[in-house]
$ cat protein_13.pdb   # PDB, C-alpha atoms and all ligand atoms
ATOM      1  CA  MET A   1      -4.192 -17.951 -27.099
ATOM      2  CA  THR A   2      -3.763 -14.209 -27.696
ATOM      3  CA  CYS A   3      -4.866 -13.676 -24.172
ATOM      4  CA  LEU A   4      -2.266 -16.033 -22.780
ATOM      5  CA  PHE A   5       0.401 -14.273 -24.783
ATOM      6  CA  ARG A   6      -0.655 -10.945 -23.362
ATOM      7  CA  LEU A   7      -0.340 -12.291 -19.854
ATOM      8  CA  VAL A   8       3.180 -13.453 -20.611
ATOM      9  CA  VAL A   9       4.042  -9.952 -21.802
ATOM     10  CA  LEU A  10       2.537  -8.647 -18.624
ATOM     11  CA  PHE A  11       5.021 -10.560 -16.478
ATOM     12  CA  VAL A  12       7.831  -8.688 -18.129
ATOM     13  CA  SER A  13       6.169  -5.334 -17.737
ATOM     14  CA  LEU A  14       5.535  -5.597 -14.000
ATOM     15  CA  PHE A  15       8.790  -4.104 -12.782
ATOM     16  CA  LEU A  16       9.740  -4.511  -9.207
ATOM     17  CA  GLY A  17      11.121  -1.645  -7.212
ATOM     18  CA  ALA A  18      12.962  -1.724  -3.923
ATOM     19  CA  GLU A  19      12.153   0.794  -1.256
ATOM     20  CA  ALA A  20      14.854   3.134   0.002
ATOM     21  CA  SER A  21      14.735   1.609   3.467
ATOM     22  CA  ALA A  22      15.072  -2.089   4.117
ATOM     23  CA  GLN A  23      11.567  -3.090   3.183
ATOM     24  CA  GLN A  24       9.964  -5.653   0.964
ATOM     25  CA  LYS A  25       9.806  -4.879  -2.723
ATOM     26  CA  VAL A  26       6.737  -3.297  -4.249
ATOM     27  CA  LEU A  27       5.354  -3.197  -7.777
ATOM     28  CA  LEU A  28       5.905   0.166  -9.419
ATOM     29  CA  PRO A  29       2.381   1.581  -9.774
ATOM     30  CA  GLU A  30       3.274   3.701 -12.815
ATOM     31  CA  LYS A  31       4.350   0.562 -14.691
ATOM     32  CA  LEU A  32       1.307  -1.560 -13.948
ATOM     33  CA  GLU A  33      -0.401  -2.946 -17.006
ATOM     34  CA  ARG A  34      -3.858  -4.433 -17.311
ATOM     35  CA  PRO A  35      -4.339  -6.220 -20.645
ATOM     36  CA  THR A  36      -7.467  -5.823 -22.728
ATOM     37  CA  VAL A  37      -8.907  -7.758 -25.666
ATOM     38  CA  THR A  38     -11.085  -6.430 -28.455
ATOM     39  CA  ASP A  39     -14.165  -8.603 -28.955
ATOM     40  CA  ASP A  40     -15.799  -9.416 -32.316
ATOM     41  CA  LYS A  41     -17.980  -6.299 -32.081
ATOM     42  CA  GLY A  42     -14.902  -4.124 -31.699
ATOM     43  CA  VAL A  43     -15.561  -3.436 -28.013
ATOM     44  CA  VAL A  44     -12.488  -3.282 -25.767
ATOM     45  CA  GLN A  45     -12.887  -5.771 -22.909
ATOM     46  CA  TRP A  46     -10.652  -6.498 -19.963
ATOM     47  CA  ALA A  47      -8.690  -9.687 -20.598
ATOM     48  CA  PRO A  48      -9.379 -12.455 -18.091
ATOM     49  CA  TRP A  49      -7.069 -12.305 -15.082
ATOM     50  CA  LYS A  50      -6.115 -15.635 -13.609
ATOM     51  CA  GLY A  51      -3.008 -17.407 -12.436
ATOM     52  CA  VAL A  52      -0.666 -14.434 -12.695
ATOM     53  CA  LYS A  53       2.325 -15.519 -10.676
ATOM     54  CA  CYS A  54       3.682 -13.033  -8.133
ATOM     55  CA  GLN A  55       7.172 -11.879  -9.006
ATOM     56  CA  GLY A  56       7.886 -10.668  -5.504
ATOM     57  CA  CYS A  57       8.004 -14.204  -4.122
ATOM     58  CA  SER A  58       8.182 -16.271  -7.346
ATOM     59  CA  GLY A  59       4.825 -17.739  -6.444
ATOM     60  CA  SER A  60       5.761 -19.146  -3.041
ATOM     61  CA  GLY A  61       3.885 -16.489  -1.068
ATOM     62  CA  LYS A  62       6.879 -16.069   1.245
ATOM     63  CA  VAL A  63       9.946 -13.878   1.237
ATOM     64  CA  LYS A  64      12.963 -13.529   3.489
ATOM     65  CA  CYS A  65      12.004 -11.379   6.453
ATOM     66  CA  ASP A  66      13.654  -7.981   6.368
ATOM     67  CA  VAL A  67      12.111  -6.669   9.575
ATOM     68  CA  CYS A  68      14.374  -8.638  11.926
ATOM     69  CA  ASP A  69      17.440  -8.539   9.663
ATOM     70  CA  ARG A  70      19.262  -6.175  11.959
ATOM     71  CA  PHE A  71      18.099  -7.677  15.246
ATOM     72  CA  GLY A  72      20.653  -9.432  17.435
ATOM     73  CA  ASP A  73      20.889 -13.219  17.295
ATOM     74  CA  ASP A  74      19.247 -13.419  20.716
ATOM     75  CA  ALA A  75      16.097 -11.696  19.446
ATOM     76  CA  THR A  76      13.038 -13.822  20.045
ATOM     77  CA  ASN A  77      10.327 -11.557  18.688
ATOM     78  CA  CYS A  78       9.642 -10.365  15.152
ATOM     79  CA  PRO A  79       6.154  -9.115  14.276
ATOM     80  CA  ASP A  80       6.580 -10.293  10.686
ATOM     81  CA  CYS A  81       8.265 -13.736  10.628
ATOM     82  CA  LYS A  82       7.789 -14.423  14.374
ATOM     83  CA  ARG A  83      11.461 -15.483  14.299
ATOM     84  CA  SER A  84      10.466 -18.758  12.715
ATOM     85  CA  LYS A  85      13.352 -21.029  11.810
ATOM     86  CA  GLU A  86      13.505 -20.050   8.132
ATOM     87  CA  ARG A  87      12.780 -16.371   8.898
ATOM     88  CA  LEU A  88      10.211 -16.226   6.149
ATOM     89  CA  ALA A  89       7.557 -13.514   6.089
ATOM     90  CA  VAL A  90       4.345 -13.272   4.069
ATOM     91  CA  CYS A  91       4.902 -11.607   0.688
ATOM     92  CA  ARG A  92       3.240  -8.206   0.792
ATOM     93  CA  ILE A  93       2.639  -7.970  -2.944
ATOM     94  CA  CYS A  94       0.381 -11.046  -3.191
ATOM     95  CA  ALA A  95      -0.622 -11.233   0.502
ATOM     96  CA  GLY A  96       0.896 -14.708   0.639
ATOM     97  CA  THR A  97      -1.195 -16.283  -2.108
ATOM     98  CA  GLY A  98       1.657 -16.534  -4.653
ATOM     99  CA  GLU A  99      -0.619 -15.020  -7.298
ATOM    100  CA  LEU A 100      -1.238 -11.384  -8.094
ATOM    101  CA  ALA A 101      -4.755 -10.171  -7.466
ATOM    102  CA  ASP A 102      -6.366  -8.306 -10.349
ATOM    103  CA  PRO A 103      -5.186  -4.703  -9.887
ATOM    104  CA  LEU A 104      -8.626  -3.528 -10.978
ATOM    105  CA  ASP A 105     -10.067  -5.136  -7.843
ATOM    106  CA  LYS A 106      -7.350  -5.069  -5.212
ATOM    107  CA  VAL A 107      -4.577  -2.763  -4.099
ATOM    108  CA  ALA A 108      -2.103  -2.724  -1.212
ATOM    109  CA  CYS A 109      -3.604  -1.132   1.896
ATOM    110  CA  PRO A 110      -2.779   2.592   2.162
ATOM    111  CA  GLY A 111      -2.276   2.172   5.912
ATOM    112  CA  CYS A 112       0.378  -0.567   5.837
ATOM    113  CA  GLN A 113       1.261  -1.161   2.178
ATOM    114  CA  GLY A 114       0.431  -4.827   2.539
ATOM    115  CA  ALA A 115       2.315  -5.516   5.774
ATOM    116  CA  ALA A 116      -0.874  -5.935   7.840
ATOM    117  CA  PHE A 117       0.774  -3.965  10.641
ATOM    118  CA  GLN A 118       2.532  -0.711  11.442
ATOM    119  CA  LEU A 119       6.000  -1.398  12.733
ATOM    120  CA  CYS A 120       6.782   0.205  16.088
ATOM    121  CA  SER A 121       9.420   2.773  15.206
ATOM    122  CA  VAL A 122      10.399   3.384  18.825
ATOM    123  CA  CYS A 123      11.961  -0.081  19.195
ATOM    124  CA  GLY A 124      12.310  -0.879  15.482
ATOM    125  CA  GLY A 125      10.016  -3.867  15.865
ATOM    126  CA  GLY A 126      12.007  -5.849  18.408
ATOM    127  CA  GLY A 127       9.647  -4.919  21.207
ATOM    128  CA  ARG A 128      12.463  -4.217  23.670
ATOM    129  CA  LEU A 129      14.961  -1.504  24.521
ATOM    130  CA  LYS A 130      17.967  -0.945  26.728
ATOM    131  CA  ILE A 131      16.981   2.234  28.532
ATOM    132  CA  GLY A 132      19.467   4.727  29.941
ATOM    133  CA  GLY A 133      22.584   2.567  29.713
ATOM    134  CA  ALA A 134      20.890  -0.411  31.373
ATOM    135  CA  LYS A 135      22.294  -3.864  30.672
ATOM    136  CA  GLN A 136      18.871  -5.456  30.860
ATOM    137  CA  TRP A 137      16.222  -5.215  28.211
ATOM    138  CA  SER A 138      12.930  -3.499  29.006
ATOM    139  CA  ASP A 139       9.661  -3.795  27.142
ATOM    140  CA  CYS A 140       9.215  -0.982  24.648
ATOM    141  CA  PRO A 141       6.923   1.677  26.196
ATOM    142  CA  SER A 142       5.133   2.203  22.871
ATOM    143  CA  CYS A 143       4.234  -1.306  21.728
ATOM    144  CA  ARG A 144       4.729  -3.043  25.103
ATOM    145  CA  GLY A 145       6.789  -5.783  23.558
ATOM    146  CA  ASP A 146       4.734  -6.569  20.463
ATOM    147  CA  GLY A 147       6.998  -4.714  18.026
ATOM    148  CA  ALA A 148       4.065  -3.628  15.873
ATOM    149  CA  PHE A 149       0.430  -2.602  15.797
ATOM    150  CA  LYS A 150      -2.181  -4.397  13.753
ATOM    151  CA  CYS A 151      -3.249  -2.227  10.818
ATOM    152  CA  GLY A 152      -6.689  -0.803  11.505
ATOM    153  CA  THR A 153      -7.233   0.315   7.911
ATOM    154  CA  CYS A 154      -7.270  -3.207   6.409
ATOM    155  CA  ASN A 155      -7.700  -5.063   9.694
ATOM    156  CA  GLY A 156      -4.765  -7.244   8.724
ATOM    157  CA  SER A 157      -6.083  -8.276   5.310
ATOM    158  CA  ARG A 158      -3.228  -6.457   3.464
ATOM    159  CA  LEU A 159      -5.140  -5.776   0.256
ATOM    160  CA  VAL A 160      -8.076  -3.395   0.026
ATOM    161  CA  GLU A 161     -10.674  -2.220  -2.459
ATOM    162  CA  PRO A 162     -10.176   0.389  -5.194
ATOM    163  CA  ALA A 163     -12.206   3.522  -5.921
ATOM    164  CA  ALA A 164     -15.899   3.074  -5.129
ATOM    165  CA  LEU A 165     -17.372   3.652  -8.580
ATOM    166  CA  LYS A 166     -20.635   2.406 -10.055
ATOM    167  CA  PRO A 167     -20.946  -0.345 -11.119
ATOM    168  CA  SER A 168     -17.173  -0.815 -10.540
ATOM    169  CA  LEU A 169     -13.853   0.777 -11.423
ATOM    170  CA  ARG A 170     -13.566  -1.537 -14.422
ATOM    171  CA  GLU A 171     -16.990  -0.706 -15.881
ATOM    172  CA  ALA A 172     -17.493   2.898 -14.782
ATOM    173  CA  SER A 173     -18.476   5.607 -17.281
ATOM    174  CA  VAL A 174     -16.038   8.034 -18.898
ATOM    175  CA  LYS A 175     -17.524  10.840 -16.819
ATOM    176  CA  ASP A 176     -17.254   9.045 -13.465
ATOM    177  CA  LEU A 177     -13.721   7.895 -14.192
ATOM    178  CA  ALA A 178     -12.662  11.421 -15.148
ATOM    179  CA  LYS A 179     -14.148  12.717 -11.891
ATOM    180  CA  ALA A 180     -12.267  10.103  -9.846
ATOM    181  CA  ILE A 181      -9.041  11.037 -11.643
ATOM    182  CA  THR A 182      -9.572  14.657 -10.559
ATOM    183  CA  VAL A 183      -9.955  13.466  -6.952
ATOM    184  CA  VAL A 184      -6.829  11.315  -7.108
ATOM    185  CA  ASP A 185      -4.771  14.122  -8.674
ATOM    186  CA  ALA A 186      -5.879  16.593  -6.000
ATOM    187  CA  ALA A 187      -5.081  14.080  -3.242
ATOM    188  CA  LEU A 188      -1.628  13.358  -4.684
ATOM    189  CA  THR A 189      -0.878  17.084  -4.738
ATOM    190  CA  GLU A 190      -2.166  17.592  -1.202
ATOM    191  CA  VAL A 191      -0.340  14.570   0.250
ATOM    192  CA  GLY A 192       2.793  15.413  -1.742
ATOM    193  CA  ALA A 193       2.916  18.886  -0.184
ATOM    194  CA  ILE A 194       3.066  17.488   3.362
ATOM    195  CA  GLU A 195       6.505  17.805   4.923
ATOM    196  CA  PRO A 196       6.648  15.183   7.679
ATOM    197  CA  ALA A 197       7.969  16.726  10.879
ATOM    198  CA  GLY A 198       8.422  15.433  14.419
ATOM    199  CA  GLY A 199       8.431  16.928  17.903
ATOM    200  CA  ASP A 200       6.170  19.966  18.274
ATOM    201  CA  LYS A 201       5.191  19.763  14.625
ATOM    202  CA  ALA A 202       4.272  16.056  14.556
ATOM    203  CA  ARG A 203       0.581  16.553  15.269
ATOM    204  CA  LYS A 204       0.304  19.144  12.515
ATOM    205  CA  SER A 205       1.828  16.730   9.963
ATOM    206  CA  VAL A 206      -0.442  13.912  11.117
ATOM    207  CA  LYS A 207      -3.496  16.155  10.856
ATOM    208  CA  ALA A 208      -2.545  17.248   7.333
ATOM    209  CA  LEU A 209      -2.210  13.642   6.146
ATOM    210  CA  VAL A 210      -5.473  12.596   7.776
ATOM    211  CA  LYS A 211      -7.271  15.572   6.235
ATOM    212  CA  ALA A 212      -5.978  14.821   2.729
ATOM    213  CA  CYS A 213      -7.012  11.164   3.045
ATOM    214  CA  ASP A 214     -10.421  12.110   4.446
ATOM    215  CA  THR A 215     -11.095  14.465   1.547
ATOM    216  CA  ALA A 216     -10.375  11.730  -0.998
ATOM    217  CA  GLY A 217     -12.178   9.166   1.181
ATOM    218  CA  GLY A 218     -15.545   9.784  -0.461
ATOM    219  CA  THR A 219     -14.181   8.220  -3.650
ATOM    220  CA  PHE A 220     -11.637   5.905  -2.013
ATOM    221  CA  PRO A 221     -13.142   4.238   1.088
ATOM    222  CA  PRO A 222      -9.832   2.780   2.366
ATOM    223  CA  LEU A 223      -8.517   6.345   2.743
ATOM    224  CA  LYS A 224     -11.553   7.174   4.858
ATOM    225  CA  ARG A 225     -10.580   4.271   7.129
ATOM    226  CA  LEU A 226      -6.984   5.461   7.462
ATOM    227  CA  GLY A 227      -7.300   8.497   9.729
ATOM    228  CA  LYS A 228      -8.358   7.108  13.086
ATOM    229  CA  PRO A 229      -5.963   4.112  13.171
ATOM    230  CA  PHE A 230      -3.099   6.333  12.017
ATOM    231  CA  GLU A 231      -3.767   8.858  14.780
ATOM    232  CA  ASP A 232      -3.997   6.040  17.335
ATOM    233  CA  PHE A 233      -0.725   4.585  16.075
ATOM    234  CA  MET A 234       1.045   7.940  16.300
ATOM    235  CA  GLY A 235      -0.352   8.328  19.825
ATOM    236  CA  LYS A 236       1.626   5.197  20.737
ATOM    237  CA  ILE A 237       4.755   6.451  18.993
ATOM    238  CA  TYR A 238       4.646   9.670  21.057
ATOM    239  CA  ALA A 239       5.326   7.454  24.090
ATOM    240  CA  GLY A 240       8.900   7.357  22.827
ATOM    241  CA  LYS A 241       9.345  11.120  23.387
ATOM    242  CA  GLN A 242      11.653  10.443  26.322
ATOM    243  CA  PHE A 243      14.284   8.967  24.015
ATOM    244  CA  GLN A 244      16.977  10.747  22.077
ATOM    245  CA  GLY A 245      16.177  11.345  18.419
ATOM    246  CA  SER A 246      12.441  10.979  19.003
ATOM    247  CA  ALA A 247      11.554  14.004  16.846
ATOM    248  CA  GLU A 248      13.464  12.582  13.889
ATOM    249  CA  ASN A 249      11.913   9.193  14.492
ATOM    250  CA  GLU A 250       8.422  10.685  14.507
ATOM    251  CA  ALA A 251       9.150  12.507  11.256
ATOM    252  CA  ASN A 252      10.344   9.260   9.643
ATOM    253  CA  THR A 253       7.286   7.398  10.891
ATOM    254  CA  ILE A 254       4.981  10.010   9.351
ATOM    255  CA  ALA A 255       7.045   9.941   6.138
ATOM    256  CA  ASN A 256       6.434   6.184   5.919
ATOM    257  CA  ALA A 257       2.704   6.664   6.363
ATOM    258  CA  LYS A 258       2.753   9.336   3.669
ATOM    259  CA  LYS A 259       4.539   6.957   1.323
ATOM    260  CA  SER A 260       1.949   4.191   1.867
ATOM    261  CA  ALA A 261      -0.928   6.578   1.163
ATOM    262  CA  GLU A 262       0.855   7.883  -1.938
ATOM    263  CA  TYR A 263       1.410   4.344  -3.167
ATOM    264  CA  TYR A 264      -2.298   3.626  -2.952
ATOM    265  CA  LEU A 265      -3.111   6.860  -4.784
ATOM    266  CA  LYS A 266      -0.557   6.253  -7.550
ATOM    267  CA  HIS A 267      -1.839   2.718  -8.037
ATOM    268  CA  GLN A 268      -5.395   4.033  -8.299
ATOM    269  CA  LYS A 269      -4.376   6.791 -10.683
ATOM    270  CA  ARG A 270      -2.808   4.229 -12.992
ATOM    271  CA  MET A 271      -5.855   1.933 -12.940
ATOM    272  CA  LEU A 272      -8.266   4.845 -13.405
ATOM    273  CA  ASP A 273      -6.238   6.081 -16.372
ATOM    274  CA  LEU A 274      -6.344   2.642 -17.998
ATOM    275  CA  ALA A 275     -10.075   2.270 -17.319
ATOM    276  CA  HIS A 276     -10.720   5.779 -18.646
ATOM    277  CA  LYS A 277      -8.812   5.028 -21.858
ATOM    278  CA  ARG A 278     -10.876   1.875 -22.394
ATOM    279  CA  ALA A 279     -14.185   3.594 -21.593
ATOM    280  CA  GLU A 280     -13.366   6.395 -24.025
ATOM    281  CA  ALA A 281     -12.528   3.974 -26.836
ATOM    282  CA  ASN A 282     -15.799   2.122 -26.293
ATOM    283  CA  ALA A 283     -17.824   5.349 -26.079
ATOM    284  CA  LYS A 284     -16.276   6.525 -29.361
ATOM    285  CA  LEU A 285     -17.144   3.203 -31.016
ATOM    286  CA  ALA A 286     -20.735   3.398 -29.735
ATOM    287  CA  GLY A 287     -21.004   6.934 -31.103
ATOM    288  CA  GLU A 288     -19.736   5.888 -34.528
ATOM    289  CA  GLN A 289     -22.140   2.946 -34.715
ATOM    290  CA  LYS A 290     -25.034   5.211 -33.812
ATOM    291  CA  GLY A 291     -24.025   7.604 -36.603
ATOM    292  CA  LYS A 292     -24.110   4.877 -39.233
TER     293      LYS A 292
HETATM  294 ZN    ZN B 301       4.167 -12.721  -3.636
HETATM  295 ZN    ZN B 302      11.497 -11.388  11.029
HETATM  296 ZN    ZN B 303       8.064  -0.850  20.235
HETATM  297 ZN    ZN B 304      -3.340  -2.251   6.279
END

$ encode --input "protein_13.pdb" --output "structure tokens" --more "lines below"
Ligand SMILES: [Zn+2]
Ligand SMILES: [Zn+2]
Ligand SMILES: [Zn+2]
Ligand SMILES: [Zn+2]
Amino acid sequence: MTCLFRLVVLFVSLFLGAEASAQQKVLLPEKLERPTVTDDKGVVQWAPWKGVKCQGCSGSGKVKCDVCDRFGDDATNCPDCKRSKERLAVCRICAGTGELADPLDKVACPGCQGAAFQLCSVCGGGGRLKIGGAKQWSDCPSCRGDGAFKCGTCNGSRLVEPAALKPSLREASVKDLAKAITVVDAALTEVGAIEPAGGDKARKSVKALVKACDTAGGTFPPLKRLGKPFEDFMGKIYAGKQFQGSAENEANTIANAKKSAEYYLKHQKRMLDLAHKRAEANAKLAGEQKGK
């Protein structure tokens, strides 16, 4: 019963935050809670995690599509809702299941933040453009009409694995958790220092982000998988160089990628901190019992 009560409290503590741009809501990583229970030996255990309803979609797994919000009525293509009649897209928080995955096991992909794709920023996702004052639409030169690129970091699965610790993030030792926290802190500093820039400086920004993710990739495998697909994606975006405002667009595209990677890192920092706190409490208890 206590456990159930804790889960109810948890619902209240999972605040939702809206992104600055028109994007689906995300859970605030700093506010994530992961309840524990103390067993009859005094050991702190993770409370069971089951049937936690997703607040992003109220459990339906679907939300109103915000990708094609600003498209004209004649738009036929949306990479998210496919312009289905109800214009409903898969909820990125729960990956469409209606239930939250245990944050100790799963986290939104650092490449797409749960979208399963990178939106083509040259056409805004519509897949078509009116080039040079033309009245007719042309296929977007970057995405060739698709409006997006499948995320190569999660391969479209939206949620990915946490830090690769032994035996797992939830049961790792105080020492290993502390080490992983050092890695996450260093990565957050390195990624945070990147100033996304477009035009001549785009490749330098991309390289800096890939390098930071690669460095942390030994502890966080999804970050290791981020570099190549991100570089490929940016290669497509550079095909929009011919258009006005392309440098600014490139900078914004890199800023989005930076934000996704930061989200993953912040989520992991929070979970590692919680796991570290638990491991420390249990190590202290073990030490006391030995002393008796
Ligand atoms: Zn949901
Ligand atoms: Zn849509
Ligand atoms: Zn496009
Ligand atoms: Zn992804």

$ atom_distance --input "protein_13.pdb" --atom1 "CA of Ser84 in chain A" --atom2 "CA of Gly72 in chain A"
14.6 Å

$ closest_atom_pairs --input "protein_13.pdb" --of "chain A" --to "ligand ZN 304 (chain B)" --cutoff "6 Å" --atoms "only C-alpha atoms and all ligand atoms" --output "JSON lines"
{"residue": "A:Cys109", "atom": "CA", "partner": "B:ZN304", "partner_atom": "ZN", "distance": 4.5}
{"residue": "A:Gly111", "atom": "CA", "partner": "B:ZN304", "partner_atom": "ZN", "distance": 4.6}
{"residue": "A:Cys112", "atom": "CA", "partner": "B:ZN304", "partner_atom": "ZN", "distance": 4.1}
{"residue": "A:Gly114", "atom": "CA", "partner": "B:ZN304", "partner_atom": "ZN", "distance": 5.9}
{"residue": "A:Ala116", "atom": "CA", "partner": "B:ZN304", "partner_atom": "ZN", "distance": 4.7}
{"residue": "A:Cys151", "atom": "CA", "partner": "B:ZN304", "partner_atom": "ZN", "distance": 4.5}
{"residue": "A:Thr153", "atom": "CA", "partner": "B:ZN304", "partner_atom": "ZN", "distance": 4.9}
{"residue": "A:Cys154", "atom": "CA", "partner": "B:ZN304", "partner_atom": "ZN", "distance": 4.0}
{"residue": "A:Gly156", "atom": "CA", "partner": "B:ZN304", "partner_atom": "ZN", "distance": 5.7}
{"residue": "A:Arg158", "atom": "CA", "partner": "B:ZN304", "partner_atom": "ZN", "distance": 5.1}

$ atom_distance --input "protein_13.pdb" --atom1 "CA of Glu99 in chain A" --atom2 "CA of His276 in chain A"
25.8 Å

$ residues_near_point --input "protein_13.pdb" --point "(11.6, 10.2, 16.6)" --cutoff "12 Å" --atoms "all atoms listed in the file" --output "PyMOL selection string"
chain A and resi 120-124+196-202+234+236-255

$ resolve_selection --input "protein_13.pdb" --expression "the PyMOL selection byres (((not hetatm)) within 12 of (chain B and resi 302))" --output "ChimeraX atom specification"
/A:23-24,62-73,75-90,119,124-126,147-148

$ closest_residue --input "protein_13.pdb" --among "A:Leu32, A:Val43, A:Leu100, A:Val37" --to "Gln55 in chain A" --atoms "all atoms listed in the file"
A:Leu100

$ atom_distance --input "protein_13.pdb" --atom1 "CA of Lys224 in chain A" --atom2 "CA of Leu272 in chain A"
18.7 Å

$ residues_near_ligand --input "protein_13.pdb" --ligand "ligand ZN 301 (chain B)" --cutoff "7 Å" --atoms "all atoms listed in the file" --output "list in words"
Cys54, Gln55, Gly56, Cys57, Ser58, Gly59, Ser60, Gly61, Lys62, Cys91, Arg92, Ile93, Cys94, Ala95, Gly96, Thr97, Gly98 and Glu99 of chain A

$ resolve_selection --input "protein_13.pdb" --expression "the PyMOL selection byres (((chain A and resi 107) around 12) and not hetatm)" --output "VMD selection string"
chain A and resid 26 to 27 29 32 92 to 95 100 to 106 108 to 114 154 157 to 163 220 222 260 to 261 263 to 271

$ write_last_selection --input "protein_13.pdb" --atoms "C-alpha atoms" --output "mmCIF file, keeping the file's coordinate frame"
data_model
loop_
_atom_site.group_PDB
_atom_site.id
_atom_site.type_symbol
_atom_site.label_atom_id
_atom_site.label_comp_id
_atom_site.auth_asym_id
_atom_site.auth_seq_id
_atom_site.Cartn_x
_atom_site.Cartn_y
_atom_site.Cartn_z
ATOM 1 C CA VAL A 26 6.737 -3.297 -4.249
ATOM 2 C CA LEU A 27 5.354 -3.197 -7.777
ATOM 3 C CA PRO A 29 2.381 1.581 -9.774
ATOM 4 C CA LEU A 32 1.307 -1.560 -13.948
ATOM 5 C CA ARG A 92 3.240 -8.206 0.792
ATOM 6 C CA ILE A 93 2.639 -7.970 -2.944
ATOM 7 C CA CYS A 94 0.381 -11.046 -3.191
ATOM 8 C CA ALA A 95 -0.622 -11.233 0.502
ATOM 9 C CA LEU A 100 -1.238 -11.384 -8.094
ATOM 10 C CA ALA A 101 -4.755 -10.171 -7.466
ATOM 11 C CA ASP A 102 -6.366 -8.306 -10.349
ATOM 12 C CA PRO A 103 -5.186 -4.703 -9.887
ATOM 13 C CA LEU A 104 -8.626 -3.528 -10.978
ATOM 14 C CA ASP A 105 -10.067 -5.136 -7.843
ATOM 15 C CA LYS A 106 -7.350 -5.069 -5.212
ATOM 16 C CA ALA A 108 -2.103 -2.724 -1.212
ATOM 17 C CA CYS A 109 -3.604 -1.132 1.896
ATOM 18 C CA PRO A 110 -2.779 2.592 2.162
ATOM 19 C CA GLY A 111 -2.276 2.172 5.912
ATOM 20 C CA CYS A 112 0.378 -0.567 5.837
ATOM 21 C CA GLN A 113 1.261 -1.161 2.178
ATOM 22 C CA GLY A 114 0.431 -4.827 2.539
ATOM 23 C CA CYS A 154 -7.270 -3.207 6.409
ATOM 24 C CA SER A 157 -6.083 -8.276 5.310
ATOM 25 C CA ARG A 158 -3.228 -6.457 3.464
ATOM 26 C CA LEU A 159 -5.140 -5.776 0.256
ATOM 27 C CA VAL A 160 -8.076 -3.395 0.026
ATOM 28 C CA GLU A 161 -10.674 -2.220 -2.459
ATOM 29 C CA PRO A 162 -10.176 0.389 -5.194
ATOM 30 C CA ALA A 163 -12.206 3.522 -5.921
ATOM 31 C CA PHE A 220 -11.637 5.905 -2.013
ATOM 32 C CA PRO A 222 -9.832 2.780 2.366
ATOM 33 C CA SER A 260 1.949 4.191 1.867
ATOM 34 C CA ALA A 261 -0.928 6.578 1.163
ATOM 35 C CA TYR A 263 1.410 4.344 -3.167
ATOM 36 C CA TYR A 264 -2.298 3.626 -2.952
ATOM 37 C CA LEU A 265 -3.111 6.860 -4.784
ATOM 38 C CA LYS A 266 -0.557 6.253 -7.550
ATOM 39 C CA HIS A 267 -1.839 2.718 -8.037
ATOM 40 C CA GLN A 268 -5.395 4.033 -8.299
ATOM 41 C CA LYS A 269 -4.376 6.791 -10.683
ATOM 42 C CA ARG A 270 -2.808 4.229 -12.992
ATOM 43 C CA MET A 271 -5.855 1.933 -12.940
#

$ closest_residue --input "protein_13.pdb" --among "A:Cys213, A:Leu28, A:Ala186, A:Leu169" --to "Trp46 in chain A" --atoms "all atoms listed in the file"
A:Leu169

$ resolve_selection --input "protein_13.pdb" --expression "the PyMOL selection byres (((chain A and resi 281) around 12) and not hetatm)" --output "PDB file with C-alpha atoms, in the frame of the given file"
ATOM      1  CA  THR A  36      -7.467  -5.823 -22.728  1.00  0.00           C
ATOM      2  CA  THR A  38     -11.085  -6.430 -28.455  1.00  0.00           C
ATOM      3  CA  GLY A  42     -14.902  -4.124 -31.699  1.00  0.00           C
ATOM      4  CA  VAL A  43     -15.561  -3.436 -28.013  1.00  0.00           C
ATOM      5  CA  VAL A  44     -12.488  -3.282 -25.767  1.00  0.00           C
ATOM      6  CA  GLN A  45     -12.887  -5.771 -22.909  1.00  0.00           C
ATOM      7  CA  SER A 173     -18.476   5.607 -17.281  1.00  0.00           C
ATOM      8  CA  VAL A 174     -16.038   8.034 -18.898  1.00  0.00           C
ATOM      9  CA  LEU A 274      -6.344   2.642 -17.998  1.00  0.00           C
ATOM     10  CA  ALA A 275     -10.075   2.270 -17.319  1.00  0.00           C
ATOM     11  CA  HIS A 276     -10.720   5.779 -18.646  1.00  0.00           C
ATOM     12  CA  LYS A 277      -8.812   5.028 -21.858  1.00  0.00           C
ATOM     13  CA  ARG A 278     -10.876   1.875 -22.394  1.00  0.00           C
ATOM     14  CA  ALA A 279     -14.185   3.594 -21.593  1.00  0.00           C
ATOM     15  CA  GLU A 280     -13.366   6.395 -24.025  1.00  0.00           C
ATOM     16  CA  ASN A 282     -15.799   2.122 -26.293  1.00  0.00           C
ATOM     17  CA  ALA A 283     -17.824   5.349 -26.079  1.00  0.00           C
ATOM     18  CA  LYS A 284     -16.276   6.525 -29.361  1.00  0.00           C
ATOM     19  CA  LEU A 285     -17.144   3.203 -31.016  1.00  0.00           C
ATOM     20  CA  ALA A 286     -20.735   3.398 -29.735  1.00  0.00           C
ATOM     21  CA  GLY A 287     -21.004   6.934 -31.103  1.00  0.00           C
ATOM     22  CA  GLU A 288     -19.736   5.888 -34.528  1.00  0.00           C
TER      23      GLU A 288
END

$ closest_residue --input "protein_13.pdb" --among "A:Gly217, A:Pro35, A:Gly127, A:Pro48" --to "ligand ZN 303 (chain B)" --atoms "only C-alpha atoms and all ligand atoms"
A:Gly127

$ closest_residue --input "protein_13.pdb" --among "A:Arg144, A:Lys207, A:Lys150, A:Lys130" --to "ligand ZN 303 (chain B)" --atoms "only C-alpha atoms and all ligand atoms"
A:Arg144

$ closest_residue --input "protein_13.pdb" --among "A:Lys41, A:Phe233, A:Gly51, A:Val183" --to "ligand ZN 303 (chain B)" --atoms "only C-alpha atoms and all ligand atoms"
A:Phe233
